[in-house]
file structure.txt (compact mmCIF, C-alpha atoms and all ligand atoms)
# COMPACT_ATOMS: atom_id res chain seq x y z
CA MET A 1 30.51 31.35 -28.64
CA LYS A 2 29.18 33.46 -25.80
CA THR A 3 26.54 32.00 -23.55
CA SER A 4 24.22 34.32 -21.68
CA SER A 5 23.48 33.71 -17.99
CA ASN A 6 19.88 33.25 -18.99
CA GLN A 7 20.88 30.36 -21.25
CA ILE A 8 22.99 28.81 -18.48
CA HIS A 9 20.01 28.99 -16.16
CA GLN A 10 17.79 27.41 -18.78
CA THR A 11 20.33 24.67 -19.45
CA SER A 12 20.61 23.74 -15.79
CA LYS A 13 16.85 23.78 -15.45
CA THR A 14 16.59 21.43 -18.43
CA ASP A 15 19.20 19.12 -16.87
CA GLN A 16 17.25 18.98 -13.64
CA SER A 17 14.04 18.40 -15.47
CA ASN A 18 15.63 15.59 -17.56
CA LYS A 19 16.89 13.97 -14.37
CA SER A 20 13.49 14.05 -12.71
CA ASP A 21 11.79 12.91 -15.92
CA SER A 22 14.00 9.86 -16.02
CA LYS A 23 13.28 9.18 -12.32
CA ILE A 24 9.59 9.51 -13.06
CA ASN A 25 9.84 7.19 -16.07
CA HIS A 26 11.67 4.75 -13.83
CA ILE A 27 8.94 4.88 -11.17
CA THR A 28 6.25 4.53 -13.83
CA SER A 29 7.83 1.34 -15.11
CA ILE A 30 8.20 -0.04 -11.55
CA ILE A 31 4.53 0.65 -10.88
CA LYS A 32 3.56 -1.11 -14.09
CA GLU A 33 5.63 -4.17 -13.22
CA ALA A 34 4.59 -4.14 -9.57
CA PHE A 35 0.86 -3.86 -10.17
CA GLN A 36 0.07 -7.53 -9.54
CA GLN A 37 2.14 -8.01 -6.38
CA LYS A 38 1.54 -4.64 -4.81
CA ASN A 39 -2.23 -4.75 -4.31
CA PHE A 40 -2.64 -1.05 -4.97
CA PRO A 41 -5.92 0.39 -3.63
CA ALA A 42 -8.40 0.58 -6.52
CA VAL A 43 -9.20 4.31 -6.30
CA ALA A 44 -5.57 5.42 -5.93
CA TYR A 45 -4.49 3.19 -8.80
CA ARG A 46 -7.28 4.53 -11.02
CA THR A 47 -6.06 8.06 -10.30
CA TYR A 48 -2.52 7.02 -11.04
CA GLU A 49 -3.56 5.57 -14.41
CA LYS A 50 -5.26 8.85 -15.22
CA PHE A 51 -2.36 11.11 -14.27
CA LYS A 52 0.70 8.97 -14.91
CA THR A 53 1.81 11.18 -17.79
CA ASP A 54 1.28 14.41 -15.87
CA LEU A 55 4.62 15.25 -14.28
CA SER A 56 3.17 17.53 -11.62
CA PHE A 57 1.19 14.56 -10.28
CA VAL A 58 3.74 11.78 -10.77
CA ARG A 59 6.27 13.88 -8.86
CA LEU A 60 4.08 13.47 -5.77
CA THR A 61 4.31 9.68 -6.03
CA HIS A 62 8.03 9.93 -6.55
CA ALA A 63 8.61 12.38 -3.67
CA ILE A 64 6.78 10.13 -1.18
CA PHE A 65 8.53 7.01 -2.45
CA SER A 66 12.02 8.48 -2.24
CA THR A 67 11.49 10.09 1.17
CA LEU A 68 10.20 6.81 2.59
CA ASN A 69 13.44 5.21 1.42
CA LYS A 70 15.30 7.48 3.83
CA LEU A 71 13.05 7.06 6.88
CA ARG A 72 13.53 4.35 9.49
CA GLY A 73 10.76 2.65 11.48
CA ALA A 74 7.26 1.61 10.40
CA GLU A 75 5.50 4.16 12.60
CA ASN A 76 7.67 7.03 11.29
CA ARG A 77 7.02 6.07 7.70
CA ALA A 78 3.28 5.52 8.22
CA LYS A 79 2.89 8.86 10.03
CA PHE A 80 4.93 10.71 7.43
CA VAL A 81 2.57 9.78 4.60
CA GLN A 82 -0.53 10.19 6.76
CA GLU A 83 0.47 13.78 7.56
CA PHE A 84 0.90 14.64 3.89
CA VAL A 85 -2.39 13.02 2.95
CA ASP A 86 -4.17 14.81 5.83
CA GLN A 87 -2.69 18.13 4.73
CA GLU A 88 -3.89 17.55 1.20
CA MET A 89 -7.36 16.47 2.38
CA GLY A 90 -7.49 19.64 4.50
CA GLU A 91 -6.98 21.61 1.28
CA VAL A 92 -9.68 19.62 -0.52
CA PHE A 93 -12.17 20.27 2.29
CA LYS A 94 -11.52 24.03 2.29
CA ASP A 95 -13.67 24.09 -0.83
CA ARG A 96 -17.16 25.28 0.17
CA THR A 97 -18.77 23.12 -2.51
CA VAL A 98 -17.06 20.02 -1.14
CA GLN A 99 -18.23 20.97 2.37
CA LEU A 100 -21.73 21.39 1.05
CA LEU A 101 -21.86 18.16 -0.93
CA SER A 102 -20.03 15.69 1.29
CA PRO A 103 -22.49 13.87 3.57
CA CYS A 104 -19.81 11.81 5.41
CA LYS A 105 -20.14 11.99 9.18
CA ILE A 106 -19.55 10.00 12.36
CA GLY A 107 -21.94 7.10 12.74
CA CYS A 108 -22.36 6.58 9.01
CA SER A 109 -20.19 3.51 8.65
CA ALA A 110 -21.09 1.86 5.34
CA CYS A 111 -17.54 2.35 4.03
CA CYS A 112 -16.20 0.65 7.19
CA HIS A 113 -18.03 -2.50 5.99
CA THR A 114 -15.95 -2.70 2.82
CA GLN A 115 -12.53 -4.23 2.34
CA VAL A 116 -9.87 -1.78 3.49
CA SER A 117 -6.25 -2.16 2.48
CA VAL A 118 -3.10 -1.24 4.35
CA THR A 119 0.61 -1.00 3.65
CA ASN A 120 3.11 -3.16 5.45
CA ASP A 121 4.08 -0.20 7.68
CA GLU A 122 0.45 0.44 8.62
CA ALA A 123 -0.11 -3.23 9.50
CA GLU A 124 3.10 -3.23 11.52
CA TYR A 125 2.13 -0.12 13.44
CA LEU A 126 -1.53 -1.08 13.99
CA SER A 127 -0.58 -4.56 15.23
CA ASP A 128 1.76 -2.86 17.74
CA LEU A 129 -1.18 -0.77 18.96
CA ILE A 130 -3.20 -3.97 19.50
CA ILE A 131 -0.34 -5.57 21.41
CA GLN A 132 -0.19 -2.42 23.55
CA GLY A 133 -3.86 -2.94 24.44
CA LYS A 134 -5.88 -1.23 21.70
CA LYS A 135 -9.28 -2.88 21.63
CA MET A 136 -10.59 -4.41 18.45
CA ASN A 137 -13.20 -6.90 17.34
CA TRP A 138 -11.54 -10.34 17.60
CA THR A 139 -14.54 -12.23 16.25
CA ASN A 140 -14.58 -10.13 13.09
CA LEU A 141 -10.83 -10.48 12.72
CA HIS A 142 -11.24 -14.26 12.77
CA VAL A 143 -14.04 -14.16 10.28
CA GLN A 144 -12.43 -11.66 7.91
CA LYS A 145 -8.82 -12.84 7.88
CA ASP A 146 -9.72 -15.93 5.85
CA ALA A 147 -11.00 -13.80 2.99
CA GLY A 148 -7.43 -12.58 2.47
CA ASP A 149 -7.32 -10.10 -0.40
CA ASP A 150 -10.30 -11.73 -2.13
CA THR A 151 -13.02 -9.09 -2.40
CA GLN A 152 -15.62 -11.60 -3.59
CA LYS A 153 -15.10 -13.75 -0.48
CA PHE A 154 -15.18 -10.65 1.71
CA ILE A 155 -18.52 -9.35 0.47
CA LYS A 156 -20.13 -12.73 1.16
CA ILE A 157 -19.51 -12.21 4.89
CA PRO A 158 -22.76 -11.07 6.56
CA TYR A 159 -22.85 -7.33 7.23
CA HIS A 160 -22.49 -7.41 11.03
CA PHE A 161 -19.33 -9.55 10.77
CA ARG A 162 -18.00 -7.54 7.86
CA SER A 163 -17.57 -4.37 9.92
CA CYS A 164 -13.99 -3.21 10.34
CA ILE A 165 -12.24 -4.67 13.36
CA PHE A 166 -11.70 -1.09 14.58
CA LEU A 167 -15.29 0.09 14.26
CA ASN A 168 -16.66 0.65 17.77
CA ASP A 169 -20.15 0.27 19.25
CA LEU A 170 -20.97 3.88 18.33
CA ASN A 171 -20.17 3.13 14.67
CA ALA A 172 -17.09 5.34 14.94
CA CYS A 173 -13.47 4.57 14.17
CA SER A 174 -11.61 3.63 17.37
CA ILE A 175 -8.23 4.40 15.76
CA TYR A 176 -9.22 7.63 14.03
CA GLU A 177 -5.83 9.33 14.49
CA ASP A 178 -4.04 6.20 13.32
CA ARG A 179 -6.46 5.04 10.61
CA PRO A 180 -5.05 3.77 7.31
CA LEU A 181 -4.32 6.08 4.38
CA VAL A 182 -7.25 4.86 2.29
CA CYS A 183 -9.71 5.66 5.11
CA ARG A 184 -8.45 9.26 5.08
CA THR A 185 -9.41 9.85 1.45
CA ASN A 186 -12.61 7.81 1.42
CA SER A 187 -15.28 10.52 1.15
CA VAL A 188 -18.32 10.69 -1.07
CA VAL A 189 -20.23 13.56 -2.62
CA GLY A 190 -23.36 11.65 -3.55
CA ASP A 191 -26.47 10.68 -1.67
CA PRO A 192 -25.50 8.56 1.39
CA SER A 193 -28.18 5.99 0.47
CA GLN A 194 -25.86 4.98 -2.41
CA CYS A 195 -23.25 3.85 0.15
CA LYS A 196 -25.63 1.20 1.53
CA ASN A 197 -24.11 -2.29 1.22
CA ASP A 198 -25.80 -4.25 4.02
CA ASP A 199 -27.53 -6.36 1.34
CA GLY A 200 -24.18 -7.34 -0.20
CA GLN A 201 -24.80 -5.05 -3.18
CA PHE A 202 -22.34 -2.27 -3.95
CA ARG A 203 -23.98 0.70 -5.63
CA THR A 204 -22.44 3.32 -7.86
CA GLN A 205 -21.48 6.26 -5.70
CA ASN A 206 -19.86 9.61 -6.53
CA ILE A 207 -16.61 9.79 -4.67
CA LEU A 208 -14.65 12.92 -3.90
CA ASN A 209 -11.73 13.62 -6.23
CA THR A 210 -8.62 13.25 -4.10
CA HIS A 211 -6.10 13.05 -6.91
CA LYS A 212 -3.06 14.50 -5.18
CA ALA A 213 -3.60 12.40 -2.06
CA ASP A 214 -4.10 9.32 -4.24
CA MET A 215 -0.79 9.92 -5.98
CA MET A 216 0.89 10.16 -2.55
CA ILE A 217 -0.77 6.92 -1.46
CA MET A 218 0.63 5.25 -4.58
CA GLY A 219 4.11 6.28 -3.42
CA ALA A 220 3.53 4.59 -0.05
CA TYR A 221 2.10 1.41 -1.58
CA LEU A 222 4.90 1.26 -4.09
CA HIS A 223 7.52 1.60 -1.39
CA SER A 224 5.91 -1.09 0.76
CA PRO A 225 7.23 -4.67 0.36
CA LYS A 226 3.72 -6.00 0.88
CA ASN A 227 0.23 -4.53 0.95
CA GLY A 228 -3.11 -6.19 1.48
CA ALA A 229 -6.46 -6.34 3.20
CA LEU A 230 -6.34 -4.98 6.76
CA PRO A 231 -7.60 -8.11 8.63
CA SER A 232 -5.25 -10.63 7.02
CA MET A 233 -2.28 -8.25 7.23
CA ILE A 234 -2.94 -7.59 10.94
CA TRP A 235 -3.41 -11.30 11.62
CA GLU A 236 -0.08 -12.14 9.99
CA LYS A 237 1.71 -9.43 11.95
CA LEU A 238 0.26 -10.56 15.29
CA LYS A 239 1.29 -14.13 14.59
CA ALA A 240 4.79 -13.05 13.52
CA LYS A 241 5.14 -11.14 16.80
CA ASN A 242 4.07 -14.24 18.77
CA TYR A 243 1.09 -12.40 20.12
CA GLN A 244 -1.40 -14.68 21.82
CA VAL A 245 -3.59 -15.16 18.78
CA THR A 246 -4.45 -18.54 20.27
CA SER A 247 -6.43 -16.87 23.05
CA ALA A 248 -8.41 -15.16 20.34
CA SER A 249 -8.89 -18.54 18.74
CA GLN A 250 -11.41 -19.32 21.48
CA HIS A 251 -13.72 -17.69 18.98
CA GLU A 252 -14.07 -20.93 17.08
CA LYS A 253 -14.04 -20.88 13.30
CA ILE A 254 -17.51 -19.75 12.41
CA SER A 255 -19.12 -20.90 9.22
CA ILE A 256 -20.68 -18.38 6.87
CA GLN A 257 -24.02 -20.20 7.31
CA LYS A 258 -23.84 -19.79 11.07
CA LEU A 259 -22.95 -16.12 10.64
CA SER A 260 -25.93 -15.65 8.32
CA ASP A 261 -28.22 -17.16 10.96
CA GLN A 262 -26.75 -14.84 13.58
CA GLN A 263 -27.15 -11.87 11.26
CA LYS A 264 -30.85 -12.69 10.78
CA LYS A 265 -31.33 -12.71 14.55
CA ILE A 266 -29.54 -9.36 14.82
CA ASP A 267 -31.76 -7.95 12.09
CA HIS A 268 -34.81 -9.10 14.07
CA GLY A 269 -33.52 -7.45 17.20
CA LYS A 270 -32.89 -10.70 19.12
CA ASN A 271 -29.89 -11.37 21.36
CA ILE A 272 -27.35 -13.83 20.06
S1 LIG A 301 -9.88 1.88 10.26
FE1 LIG A 301 -11.49 3.20 11.03
S2 LIG A 301 -12.14 4.46 9.28
FE2 LIG A 301 -10.95 2.73 8.47
S3 LIG A 301 -12.49 1.17 7.96
FE3 LIG A 301 -11.77 0.75 10.05
S4 LIG A 301 -13.22 1.80 11.40
FE4 LIG A 301 -13.49 2.65 9.32
call {"tool": "encode", "arguments": {"input": "structure.txt", "output": "structure tokens"}}
result
Amino acid sequence: MKTSSNQIHQTSKTDQSNKSDSKINHITSIIKEAFQQKNFPAVAYRTYEKFKTDLSFVRLTHAIFSTLNKLRGAENRAKFVQEFVDQEMGEVFKDRTVQLLSPCKIGCSACCHTQVSVTNDEAEYLSDLIIQGKKMNWTNLHVQKDAGDDTQKFIKIPYHFRSCIFLNDLNACSIYEDRPLVCRTNSVVGDPSQCKNDDGQFRTQNILNTHKADMMIMGAYLHSPKNGALPSMIWEKLKAKNYQVTSASQHEKISIQKLSDQQKKIDHGKNI
């Protein structure tokens, strides 16, 4: 039987597509199994659940995952995904409606008072920056590390001590170029008053759809041997690298009650 070149082309296309479908099915089953241990960021995982049967989206997760397998060095891997996510976010923000609706700006730091997660590579790389002299808030690191990945414990920390260890005095990110993946996609399109969480209440906010970037982030989290909350991950890395965490321990363990008292004084404009 004669086979036309068109048929041959179609056959090879089908073969390729079968191969990538089976890879994608494989990655989908790994993600399902890994859900508990991997601490996927909530928004990215929600996106993944929504698009896990859409091949054009799952391919993004797969492409990031398989490329990370080939790269060496935490910084290289972290930067690789960050660049892709930034590129995608650049596309999202080309939309005039998004520009019009997104109120996020420097100095508005409510989202930097929520629990931020990092991959193992990000924790590795950020702890290296600290060892090289990058300033951060040691007191808040001490306070926040004990919450581990427990969001309920974290939100009980008074607002002032709940700010990210990298948030500076101007309420800006001191590691903007190196900030974690989830910070790069964390934009809202609702009224900024809905971001308020200084009273420990988290309100419903409209967040920007960053589906493609979320699927990429899932690839990075899936590839990572461990993910978790930024403070506890950084703390573990610093200890593992024998960094002088003891000098930071001069900030004695502060009780939540004592922090609450200090927060009240801050709220009343007194020095502590
Ligand atoms: S790393 Fe930067 S952007 Fe992310 S929570 Fe901390 S201060 Fe905010």
call {"tool": "residues_near_ligand", "arguments": {"input": "structure.txt", "ligand": "ligand LIG 301 (chain A)", "cutoff": "10 Å", "atoms": "all atoms listed in the file", "output": "PyMOL selection string"}}
result
chain A and resi 106+108-118+126+136+163-168+171-186+230-231
call {"tool": "residues_around", "arguments": {"input": "structure.txt", "residues": "A:Gly190", "least_positions_apart": "4", "cutoff": "8 Å", "atoms": "all atoms listed in the file", "output": "PyMOL selection string"}}
result
chain A and resi 101-103+194+205-207
call {"tool": "closest_residue", "arguments": {"input": "structure.txt", "among": "A:Asp214, A:Leu238, A:Met233, A:Leu100", "to": "A:Lys50", "atoms": "all atoms listed in the file"}}
result
A:Asp214
call {"tool": "residues_near_point", "arguments": {"input": "structure.txt", "point": "(-5.5, -8.9, 13.4)", "cutoff": "10 Å", "atoms": "all atoms listed in the file", "output": "list of chain:residue names"}}
result
A:Ala123, A:Leu126, A:Ser127, A:Ile130, A:Met136, A:Asn137, A:Trp138, A:Asn140, A:Leu141, A:His142, A:Gln144, A:Lys145, A:Ile165, A:Leu230, A:Pro231, A:Ser232, A:Met233, A:Ile234, A:Trp235, A:Glu236, A:Lys237, A:Leu238, A:Lys239, A:Val245, A:Ala248
call {"tool": "axis_aligned_box", "arguments": {"input": "structure.txt", "around": "stretch 129-138 of chain A", "padding_each_side": "4 Å", "output": "JSON"}}
result
{"center_x": -6.7, "center_y": -5.6, "center_z": 20.9, "size_x": 21.0, "size_y": 17.6, "size_z": 15.1}
call {"tool": "atom_distance", "arguments": {"input": "structure.txt", "atom1": "atom CA of A:Ser224", "atom2": "atom CA of A:Leu60"}}
result
16.1 Å
call {"tool": "atom_distance", "arguments": {"input": "structure.txt", "atom1": "atom CA of A:Val189", "atom2": "atom CA of A:Cys104"}}
result
8.2 Å
call {"tool": "atom_distance", "arguments": {"input": "structure.txt", "atom1": "atom CA of A:Asp198", "atom2": "atom CA of A:Tyr159"}}
result
5.3 Å
call {"tool": "closest_residue", "arguments": {"input": "structure.txt", "among": "A:Ala229, A:Ser187, A:Ile155, A:Lys105", "to": "A:Asp199", "atoms": "only C-alpha atoms"}}
result
A:Ile155
call {"tool": "closest_residue", "arguments": {"input": "structure.txt", "among": "A:Val98, A:Gly90, A:Thr61, A:Ile131", "to": "A:Tyr45", "atoms": "all atoms listed in the file"}}
result
A:Thr61
call {"tool": "closest_residue", "arguments": {"input": "structure.txt", "among": "A:Thr28, A:Thr97, A:Gln87, A:Thr139", "to": "A:Phe51", "atoms": "all atoms listed in the file"}}
result
A:Thr28
call {"tool": "build_atoms", "arguments": {"input": "structure.txt", "residues": "stretch 166-192 of chain A", "atoms": "N, CA and C atoms", "output": "compact mmCIF listing (two decimals), keeping the file's coordinate frame"}}
result
# COMPACT_ATOMS: atom_id res chain seq x y z
N PHE A 166 -11.90 -2.28 13.74
CA PHE A 166 -11.70 -1.09 14.58
C PHE A 166 -12.95 -0.21 14.68
N LEU A 167 -14.06 -0.69 14.15
CA LEU A 167 -15.29 0.09 14.26
C LEU A 167 -15.91 -0.17 15.64
N ASN A 168 -16.17 0.88 16.40
CA ASN A 168 -16.66 0.65 17.77
C ASN A 168 -18.19 0.61 17.84
N ASP A 169 -18.70 0.44 19.06
CA ASP A 169 -20.15 0.27 19.25
C ASP A 169 -20.94 1.50 18.82
N LEU A 170 -20.27 2.66 18.75
CA LEU A 170 -20.97 3.88 18.33
C LEU A 170 -20.86 4.09 16.82
N ASN A 171 -20.39 3.04 16.12
CA ASN A 171 -20.17 3.13 14.67
C ASN A 171 -19.14 4.21 14.32
N ALA A 172 -18.17 4.37 15.20
CA ALA A 172 -17.09 5.34 14.94
C ALA A 172 -15.76 4.58 14.91
N CYS A 173 -14.79 5.21 14.29
CA CYS A 173 -13.47 4.57 14.17
C CYS A 173 -12.72 4.72 15.50
N SER A 174 -12.29 3.57 16.07
CA SER A 174 -11.61 3.63 17.37
C SER A 174 -10.12 3.97 17.22
N ILE A 175 -9.66 4.04 15.97
CA ILE A 175 -8.23 4.40 15.76
C ILE A 175 -8.15 5.61 14.82
N TYR A 176 -9.09 6.53 15.00
CA TYR A 176 -9.22 7.63 14.03
C TYR A 176 -7.88 8.31 13.71
N GLU A 177 -7.11 8.64 14.73
CA GLU A 177 -5.83 9.33 14.49
C GLU A 177 -4.82 8.44 13.76
N ASP A 178 -5.01 7.14 13.89
CA ASP A 178 -4.04 6.20 13.32
C ASP A 178 -4.61 5.42 12.13
N ARG A 179 -5.78 5.83 11.66
CA ARG A 179 -6.46 5.04 10.61
C ARG A 179 -5.62 4.99 9.33
N PRO A 180 -5.84 3.93 8.54
CA PRO A 180 -5.05 3.77 7.31
C PRO A 180 -5.23 4.91 6.32
N LEU A 181 -4.30 5.01 5.40
CA LEU A 181 -4.32 6.08 4.38
C LEU A 181 -5.63 6.08 3.60
N VAL A 182 -6.06 4.88 3.16
CA VAL A 182 -7.25 4.86 2.29
C VAL A 182 -8.50 5.35 3.02
N CYS A 183 -8.54 5.18 4.35
CA CYS A 183 -9.71 5.66 5.11
C CYS A 183 -9.72 7.20 5.14
N ARG A 184 -8.55 7.80 5.00
CA ARG A 184 -8.45 9.26 5.08
C ARG A 184 -8.98 9.94 3.82
N THR A 185 -8.98 9.22 2.71
CA THR A 185 -9.41 9.85 1.45
C THR A 185 -10.80 9.37 1.04
N ASN A 186 -11.35 8.45 1.83
CA ASN A 186 -12.61 7.81 1.42
C ASN A 186 -13.82 8.68 1.77
N SER A 187 -14.11 9.66 0.92
CA SER A 187 -15.28 10.52 1.15
C SER A 187 -16.14 10.53 -0.10
N VAL A 188 -17.43 10.69 0.09
CA VAL A 188 -18.32 10.69 -1.07
C VAL A 188 -18.97 12.07 -1.22
N VAL A 189 -19.51 12.30 -2.39
CA VAL A 189 -20.23 13.56 -2.62
C VAL A 189 -21.63 13.27 -3.18
N GLY A 190 -22.03 12.02 -3.06
CA GLY A 190 -23.36 11.65 -3.55
C GLY A 190 -24.31 11.45 -2.40
N ASP A 191 -25.49 10.93 -2.72
CA ASP A 191 -26.47 10.68 -1.67
C ASP A 191 -25.99 9.50 -0.81
N PRO A 192 -26.03 9.64 0.53
CA PRO A 192 -25.50 8.56 1.39
C PRO A 192 -26.22 7.23 1.20
